[in-house]
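Everything below concerns the one structure shown next.
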Amino acid sequence: MNTPIKIDQLIRSHRKTIGLQITKDARLIVRAPQFASEEYIHQLIRRKESWIKTKQDYFKQRQDKILVRKFIPGEKFLFLGQSYTLLVVEDLPKAVILDNSLMISKMVLANAQDHLEYWYKIQALEYITQQVKHYAQIAGVKYESIRINNATTRWGSCGYKDTLNFTWRLIMAPAKVVDYVVIHELMHLKQKNHSRKFWAEVSQMMPDYKKEERWLKENGYLLT
Ligand SMILES: [Zn+2]
């Protein structure tokens, strides 16, 4: 016999139908009409069992892969798609990459998270600015400024005043993926939408952009 599916949260409201939602941490949220009976709700859940389990397994699997960072020596950090091992050294004014190591000073170890986040932001600004300049020149587009933000799922955006925004987390992705996001936002300077014309502009700059787009969809959650 199958173990019954557990409802993590039941929200009743003035709705007419039952809605099921699986959250990113694999919890089942059920939204139900005010007076729907428990039996009716469970009946529906049993009918949707395989859909619920598939979704829950998917999110659980993803969660297992997400690192809980401890910021201790030996831990792996991504930078432009490469994995580097955190190494703590005596004296170092700022973090630095050497061979396969990401080195930080012993003095900042207690604040390693802030220190590394700051370091990533600086690297992101430097690298992304360079790529934006490069591709803007090729495409013949003008932008106002570049900003680095803290977004967790939105890799880039193009503001209405032609400011380009990128999350510093992007610098963990492979270089080709970073280029794709840069090109994507630059093409929004020409087309402020996702029309066919927009995608045609993107593919003119990067013919195989779909590969990078797929990479972000499948692996973006690992850039933490
Ligand atoms: Zn877009």
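A note on labels: chains of the structure tokens are A, B, ... as shown, every chain counts residues from 1, and ligands are counted from 1 in their shown order.
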
Neighbouring residues of range 128-144 of chain A were defined as those with any atom within 7 Å, considering only C-alpha atoms; residues of the same chain fewer than 6 positions away were excluded. Please report them as a ChimeraX atom specification. /A:162-163,179,182-183,186

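Contacts with ligand 1 are defined as any residue atom within 10 Å of a ligand atom, using only C-alpha atoms and all ligand atoms; the residues meeting this criterion are Arg154, Trp155, Gly156, Ser157, Cys158, Val181, Ile183, His184, Glu185, Leu186, Met187, His188, Gln191, Lys192, Asn193, His194, Ser195, Phe198 and Trp199 of chain A.
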
Could you write out that same residue set with N, CA and C atoms as a PDB file, in the first residue's frame?
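Output (selection29.pdb):
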ATOM      1  N   ARG A 154      16.747  35.944 -11.219  1.00  0.00           N
ATOM      2  CA  ARG A 154      16.742  36.765 -12.418  1.00  0.00           C
ATOM      3  C   ARG A 154      18.185  37.132 -12.750  1.00  0.00           C
ATOM      4  N   TRP A 155      18.691  36.596 -13.846  1.00  0.00           N
ATOM      5  CA  TRP A 155      20.125  36.740 -14.139  1.00  0.00           C
ATOM      6  C   TRP A 155      20.470  38.122 -14.654  1.00  0.00           C
ATOM      7  N   GLY A 156      19.535  38.704 -15.367  1.00  0.00           N
ATOM      8  CA  GLY A 156      19.797  40.036 -15.895  1.00  0.00           C
ATOM      9  C   GLY A 156      18.494  40.718 -16.232  1.00  0.00           C
ATOM     10  N   SER A 157      18.539  42.019 -16.358  1.00  0.00           N
ATOM     11  CA  SER A 157      17.361  42.743 -16.812  1.00  0.00           C
ATOM     12  C   SER A 157      17.811  44.051 -17.442  1.00  0.00           C
ATOM     13  N   CYS A 158      16.892  44.625 -18.216  1.00  0.00           N
ATOM     14  CA  CYS A 158      17.208  45.862 -18.910  1.00  0.00           C
ATOM     15  C   CYS A 158      16.166  46.888 -18.492  1.00  0.00           C
ATOM     16  N   VAL A 181      23.694  35.881 -21.437  1.00  0.00           N
ATOM     17  CA  VAL A 181      22.859  36.808 -20.658  1.00  0.00           C
ATOM     18  C   VAL A 181      23.190  38.253 -21.054  1.00  0.00           C
ATOM     19  N   ILE A 183      24.338  39.303 -23.972  1.00  0.00           N
ATOM     20  CA  ILE A 183      23.756  39.541 -25.304  1.00  0.00           C
ATOM     21  C   ILE A 183      22.242  39.703 -25.206  1.00  0.00           C
ATOM     22  N   HIS A 184      21.615  38.838 -24.409  1.00  0.00           N
ATOM     23  CA  HIS A 184      20.164  38.904 -24.217  1.00  0.00           C
ATOM     24  C   HIS A 184      19.740  40.307 -23.765  1.00  0.00           C
ATOM     25  N   GLU A 185      20.417  40.813 -22.730  1.00  0.00           N
ATOM     26  CA  GLU A 185      20.029  42.134 -22.209  1.00  0.00           C
ATOM     27  C   GLU A 185      20.375  43.247 -23.201  1.00  0.00           C
ATOM     28  N   LEU A 186      21.489  43.116 -23.887  1.00  0.00           N
ATOM     29  CA  LEU A 186      21.852  44.132 -24.881  1.00  0.00           C
ATOM     30  C   LEU A 186      20.829  44.189 -26.015  1.00  0.00           C
ATOM     31  N   MET A 187      20.312  43.037 -26.409  1.00  0.00           N
ATOM     32  CA  MET A 187      19.325  43.018 -27.493  1.00  0.00           C
ATOM     33  C   MET A 187      17.996  43.629 -27.052  1.00  0.00           C
ATOM     34  N   HIS A 188      17.793  43.678 -25.728  1.00  0.00           N
ATOM     35  CA  HIS A 188      16.589  44.365 -25.225  1.00  0.00           C
ATOM     36  C   HIS A 188      16.694  45.876 -25.441  1.00  0.00           C
ATOM     37  N   GLN A 191      14.987  45.712 -28.751  1.00  0.00           N
ATOM     38  CA  GLN A 191      13.617  45.187 -28.661  1.00  0.00           C
ATOM     39  C   GLN A 191      13.281  44.989 -27.189  1.00  0.00           C
ATOM     40  N   LYS A 192      12.324  45.763 -26.717  1.00  0.00           N
ATOM     41  CA  LYS A 192      11.984  45.670 -25.282  1.00  0.00           C
ATOM     42  C   LYS A 192      10.948  44.576 -25.027  1.00  0.00           C
ATOM     43  N   ASN A 193      11.084  43.456 -25.668  1.00  0.00           N
ATOM     44  CA  ASN A 193      10.118  42.373 -25.505  1.00  0.00           C
ATOM     45  C   ASN A 193      10.790  41.058 -25.886  1.00  0.00           C
ATOM     46  N   HIS A 194      10.021  39.977 -25.869  1.00  0.00           N
ATOM     47  CA  HIS A 194      10.567  38.691 -26.289  1.00  0.00           C
ATOM     48  C   HIS A 194       9.902  38.242 -27.585  1.00  0.00           C
ATOM     49  N   SER A 195       9.786  39.165 -28.509  1.00  0.00           N
ATOM     50  CA  SER A 195       9.155  38.860 -29.792  1.00  0.00           C
ATOM     51  C   SER A 195      10.101  38.030 -30.667  1.00  0.00           C
ATOM     52  N   PHE A 198      13.078  39.923 -31.506  1.00  0.00           N
ATOM     53  CA  PHE A 198      14.080  39.939 -30.433  1.00  0.00           C
ATOM     54  C   PHE A 198      14.981  38.701 -30.517  1.00  0.00           C
ATOM     55  N   TRP A 199      14.351  37.524 -30.585  1.00  0.00           N
ATOM     56  CA  TRP A 199      15.137  36.285 -30.614  1.00  0.00           C
ATOM     57  C   TRP A 199      16.004  36.184 -31.867  1.00  0.00           C
TER      58      TRP A 199
END

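Take the candidates A:Phe71, A:Lys190, A:Thr153, A:Glu213 and check each one against Gln113 in chain A using only C-alpha atoms; the shortest distance goes to A:Phe71.
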
Would you please work out which residue, of A:Leu78, A:Leu44, A:Asn150, A:Leu10, is nearest to Arg31 in chain A when using only C-alpha atoms? A:Leu10

Surrounding residues of Ser13 in chain A excluding itself and chain neighbours under 6 positions, 12 Å, only C-alpha atoms, as a list of chain:residue names: A:Gly19, A:Val30, A:Arg31, A:Ala32, A:Pro33, A:Gln34, A:Phe35, A:Ala36
